[in-house]
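Student: First the structure, then my questions, so here it is.
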Amino acid sequence: MKNILIQFDTDPLPSTFDRVVAVDAGADEVFAYGGVTPENVTSLVHGAIFTRGPDELKHTAIFVGGSDVASGEAVLEKVTKTFFGPMRVSVMMDSNGSNTTAAAAVQAAARHMSLKGVTALVLGGTGPVGHRAAQILAMKGAHVRIGSRSVDRAAETCDAIRTVVEEAIVEPVGSTGEALASAITEVELLIAAGASGVQFLSESQWQGLWGLKVAIDLNAVPPVGLEGIGVTDKAKEIGGITCYGAIGVGGTKMKVHKAAIKGLFESNHLVLDTAAIAEIASEIG
Amino acid sequence: MKNILIQFDTDPLPSTFDRVVAVDAGADEVFAYGGVTPENVTSLVHGAIFTRGPDELKHTAIFVGGSDVASGEAVLEKVTKTFFGPMRVSVMMDSNGSNTTAAAAVQAAARHMSLKGVTALVLGGTGPVGHRAAQILAMKGAHVRIGSRSVDRAAETCDAIRTVVEEAIVEPVGSTGEALASAITEVELLIAAGASGVQFLSESQWQGLWGLKVAIDLNAVPPVGLEGIGVTDKAKEIGGITCYGAIGVGGTKMKVHKAAIKGLFESNHLVLDTAAIAEIASEIG
Amino acid sequence: MKNILIQFDTDPLPSTFDRVVAVDAGADEVFAYGGVTPENVTSLVHGAIFTRGPDELKHTAIFVGGSDVASGEAVLEKVTKTFFGPMRVSVMMDSNGSNTTAAAAVQAAARHMSLKGVTALVLGGTGPVGHRAAQILAMKGAHVRIGSRSVDRAAETCDAIRTVVEEAIVEPVGSTGEALASAITEVELLIAAGASGVQFLSESQWQGLWGLKVAIDLNAVPPVGLEGIGVTDKAKEIGGITCYGAIGVGGTKMKVHKAAIKGLFESNHLVLDTAAIAEIASEIG
């Protein structure tokens, strides 16, 4: 029986990126849909769960993607609500690569330090990738500062993380001016996940941080958020600090993505969202 | 040479149900199109008939589907009119599962009674599934009463059936009040194919029918048309009457659907509409 | 690693013709997109070039098609501009079959005459197929007259050809009345590539041409541009002149199309436009 991945993309034309990765991860068939919304997804889900027998349902799975993460979250929610009882298939959500990127970034850091108890700062921490990286760090026992221009929004993100990670130690901080100067004190892990074109810290600023061990910048296009980190840097030592750029994290991201797709076909009841995808990244190492 | 099924779906997003079944029936490639209309289908048909040699055309086939049966019928008509001479491929029409459901329902009945000369009543007999079930019953020599709230519409359906089944013995009847009370007299086979949420008969009403042998309800979601029949009932005896619900008929429906898809690739000149699909259901038994 | 062809079609529903040919040419997966424009193609190209390693990129390729040739040219331009450095995949453009038809037509002629120095007239020479046929003839050293109702437009086509074929010997001519009578003098190769329904020359007119050796008409539907040529004529002698109709050229066109698709997967830096596709036709012979 062929493994079928049904790609629900919230953009009008479904991502070729996700489609190629699905093929390379071993999906036998990829049914790619663009323009998927919570309103039109129900019958597509019914077609997924009502066509094969209960024992065969693990050979069908759903991938939710697209450039807009909030839209993907809404589709994921509708998909899982449409399942009932054993009539369900495994589903992965990775809109804009948010989950695999966050998981890969945290995993990159984990190669160089124990995350438990570490003091981490996630700049751009209220965006889709930053939020997810912070959540994963919190899951792993880091003390996480979530930086945003708006401390109120950072506080909302902290609250959101606490609802899914009960024991989370998270704190909202500002990401500009004096608030930022205070936020970076004693930080051992720095992740920049801001919008493209926003530089949070000059090279001398982050290089001057006492105790900083790992710095990761997730901007694929210069200028990056942490001046001086190259997009292809991969465990590169700069002034004694281990640095990663977006493409440097990309190899791990791709491995995580493919492993997650493969994992979908092992049972019919998985929901591979942030936590599960971080777990997969940990296993990959 | 790969077997290619081209799925013409009249809904904006092509059915995952039909697509999964096509894969499971052995189509090597499924080209799924949504938003297909009689206006835009011509060049798609040309691409199907002008790409492979005459001897190879049986490896390409067309499936017409979608939630709206009338739209599917219009696309089917345009597809077959676009063929010319030997430049044609086999085509199956099963919008909203109408043909496979009707064929499976009649076949379920045929396991328990000889249909020739039997008195059958199809409630909701002017809808897509009811109309088709009535047509198949007429083909098999049953005396068919077609029940509708509007006896005029039922009469139109009778006329439509007579144009394709010359020897049809069909009669329009009402499906409410006293007309219904009269219509159910001496009925041996009862099929309810009405709109969801419409109950035609209470359990005591159909249980009280002298001579009724088989009762089939095709509503997938309660409340069903014949009170007391469960959607998963499959040849279940209730008060001496053999009963089927929609899911109880579903296994046969799926077999018929897959066998029809397989059959498409045996030659390039088949039109698998109601009659041919009923034939396939008979062979499956 | 599977060979993936990404089909960018500028029509709302992607061509089944191009899709079937892609499958028959051996593409393992065809990702078909309709409604592709220069505006929405960028992220689709990024997905093609950022998913596989540099050594693997030859297993991904792009096909640009659709009924409107100018739209296809615009998409092709945007696709190639989106590539950078080694991050690229091979791409073929064949909107409305324009390149494969023109290449096959010229190749049909080349079987019967040396094209170097031959005097050729392309009627309908400013349209997509005529323009390309004229360009290929010029590449091969023919002296090409480009015929159009508007000599100004023919002159523009001549200029366009000279920008890509430096040594081209091309001349604009009229395609009606006395201008046409003059244009056909001493012509040895005649190709009609006009709009459907336009007859350029009566049978007696082109039959009466002294020196004419090969006449090709590319209209798939009668009336054709050169009266008396049948659409299925293939190297048919009519009054001592070797004649081809559109379907007579079709076998070669299909071989060229399939060979081009296969060729896409041999490296990741090919741009199969008019010149390269003509080269492939020459190799097929």
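Letters A, B, ... mark the chains of the structure tokens in the order given; residue numbers begin at 1 per chain; ligand numbers begin at 1, in order shown.
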With only C-alpha atoms as the counted atoms, please give the residues lying no more than 7 Å from Tyr244 in chain A, apart from itself and same-chain residues fewer than 2 positions off, as a PyMOL selection string.

Tutor: chain A and resi 215-217+233-236+246+248-249

Student: For the residues in the current selection, export N, CA, C and O atoms as an mmCIF file, in the first residue's frame.

Tutor:
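Writing done, so here's part_32.cif:
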data_model
loop_
_atom_site.group_PDB
_atom_site.id
_atom_site.type_symbol
_atom_site.label_atom_id
_atom_site.label_comp_id
_atom_site.auth_asym_id
_atom_site.auth_seq_id
_atom_site.Cartn_x
_atom_site.Cartn_y
_atom_site.Cartn_z
ATOM 1 N N ALA A 215 25.898 31.477 19.527
ATOM 2 C CA ALA A 215 25.072 32.525 18.898
ATOM 3 C C ALA A 215 24.553 32.001 17.559
ATOM 4 O O ALA A 215 25.325 31.514 16.733
ATOM 5 N N ILE A 216 23.241 32.117 17.397
ATOM 6 C CA ILE A 216 22.598 31.578 16.182
ATOM 7 C C ILE A 216 21.746 32.657 15.547
ATOM 8 O O ILE A 216 20.935 33.295 16.217
ATOM 9 N N ASP A 217 21.944 32.853 14.243
ATOM 10 C CA ASP A 217 21.124 33.833 13.533
ATOM 11 C C ASP A 217 20.340 33.123 12.438
ATOM 12 O O ASP A 217 20.920 32.438 11.599
ATOM 13 N N ASP A 233 27.567 30.019 8.131
ATOM 14 C CA ASP A 233 28.355 29.601 9.300
ATOM 15 C C ASP A 233 27.724 28.394 9.971
ATOM 16 O O ASP A 233 26.518 28.344 10.209
ATOM 17 N N LYS A 234 28.583 27.431 10.311
ATOM 18 C CA LYS A 234 28.084 26.204 10.928
ATOM 19 C C LYS A 234 29.088 25.792 11.987
ATOM 20 O O LYS A 234 30.170 25.319 11.663
ATOM 21 N N ALA A 235 28.732 26.055 13.225
ATOM 22 C CA ALA A 235 29.643 25.778 14.354
ATOM 23 C C ALA A 235 30.970 26.510 14.169
ATOM 24 O O ALA A 235 32.021 26.018 14.574
ATOM 25 N N LYS A 236 30.901 27.693 13.583
ATOM 26 C CA LYS A 236 32.112 28.486 13.350
ATOM 27 C C LYS A 236 32.472 29.246 14.632
ATOM 28 O O LYS A 236 31.612 29.885 15.243
ATOM 29 N N ALA A 246 21.704 30.814 9.125
ATOM 30 C CA ALA A 246 20.490 30.098 8.728
ATOM 31 C C ALA A 246 20.815 28.869 7.890
ATOM 32 O O ALA A 246 20.249 27.785 8.108
ATOM 33 N N GLY A 248 23.644 27.348 7.838
ATOM 34 C CA GLY A 248 24.409 26.446 8.698
ATOM 35 C C GLY A 248 23.507 25.537 9.512
ATOM 36 O O GLY A 248 23.868 24.410 9.847
ATOM 37 N N VAL A 249 22.310 26.034 9.823
ATOM 38 C CA VAL A 249 21.323 25.234 10.551
ATOM 39 C C VAL A 249 20.497 24.393 9.572
ATOM 40 O O VAL A 249 19.843 23.419 9.948
#

Student: Can you work out which residues from chain C touch chain A at a cut-off of 7 Å (counting only C-alpha atoms) and hand them back as a ChimeraX atom specification?

Tutor: /C:44,47-48,51

Student: Taking only range 99-283 of chain C into account, list the residues labelled strand (DSSP E or B) by DSSP (computed from the backbone), as a PyMOL selection string.

Tutor: chain C and resi 119-123+143-148+169-174+189-192+201+214-217+226+234-238+241-244+271-272

Student: Give me, as JSON, numbers by chain, all polymer residues having an atom no more than 12 Å from range 154-168 of chain A, counting only C-alpha atoms and skipping those fewer than 6 positions away in the same chain.

Tutor: {"A": [116, 117, 121, 122, 123, 124, 125, 126, 127, 128, 129, 130, 131, 132, 133, 134, 135, 136, 137, 138, 139, 140, 141, 142, 143, 144, 145, 146, 147, 148, 174, 175, 273, 274, 275]}

Student: Can you build me a table of range 64-112 of chain A residues sitting at most 10 Å from range 218-225 of chain A, with the closest atom pair per residue and its distance in Å to one decimal, using only C-alpha atoms, sorted by chain and residue number, as a tab-separated table?

Tutor:
residue	atom	partner	partner_atom	distance
A:Thr101	CA	A:Leu218	CA	8.2
A:Ala102	CA	A:Leu218	CA	9.0
A:Ala105	CA	A:Leu218	CA	8.0

Student: Next, the residues of the selection above should be written as a PDB file, in the first residue's frame with N, CA, C and O atoms.

Tutor:
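Written out: result_2.pdb:
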ATOM      1  N   THR A 101      12.706  24.651  11.614  1.00  0.00           N
ATOM      2  CA  THR A 101      13.784  25.621  11.801  1.00  0.00           C
ATOM      3  C   THR A 101      14.061  25.837  13.291  1.00  0.00           C
ATOM      4  O   THR A 101      15.219  25.822  13.734  1.00  0.00           O
ATOM      5  N   ALA A 102      13.008  26.024  14.056  1.00  0.00           N
ATOM      6  CA  ALA A 102      13.187  26.235  15.498  1.00  0.00           C
ATOM      7  C   ALA A 102      13.833  25.013  16.145  1.00  0.00           C
ATOM      8  O   ALA A 102      14.764  25.129  16.958  1.00  0.00           O
ATOM      9  N   ALA A 105      17.494  24.808  15.172  1.00  0.00           N
ATOM     10  CA  ALA A 105      18.313  25.832  15.827  1.00  0.00           C
ATOM     11  C   ALA A 105      18.628  25.415  17.261  1.00  0.00           C
ATOM     12  O   ALA A 105      19.782  25.500  17.715  1.00  0.00           O
TER      13      ALA A 105
END

Student: Figure out the distance between CA of Ala276 in chain A and CA of Ala74 in chain A, please, to one decimal in Å.

Tutor: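 We find that CA of Ala74 in chain A and CA of Ala276 in chain A lie 18.3 Å from each other.
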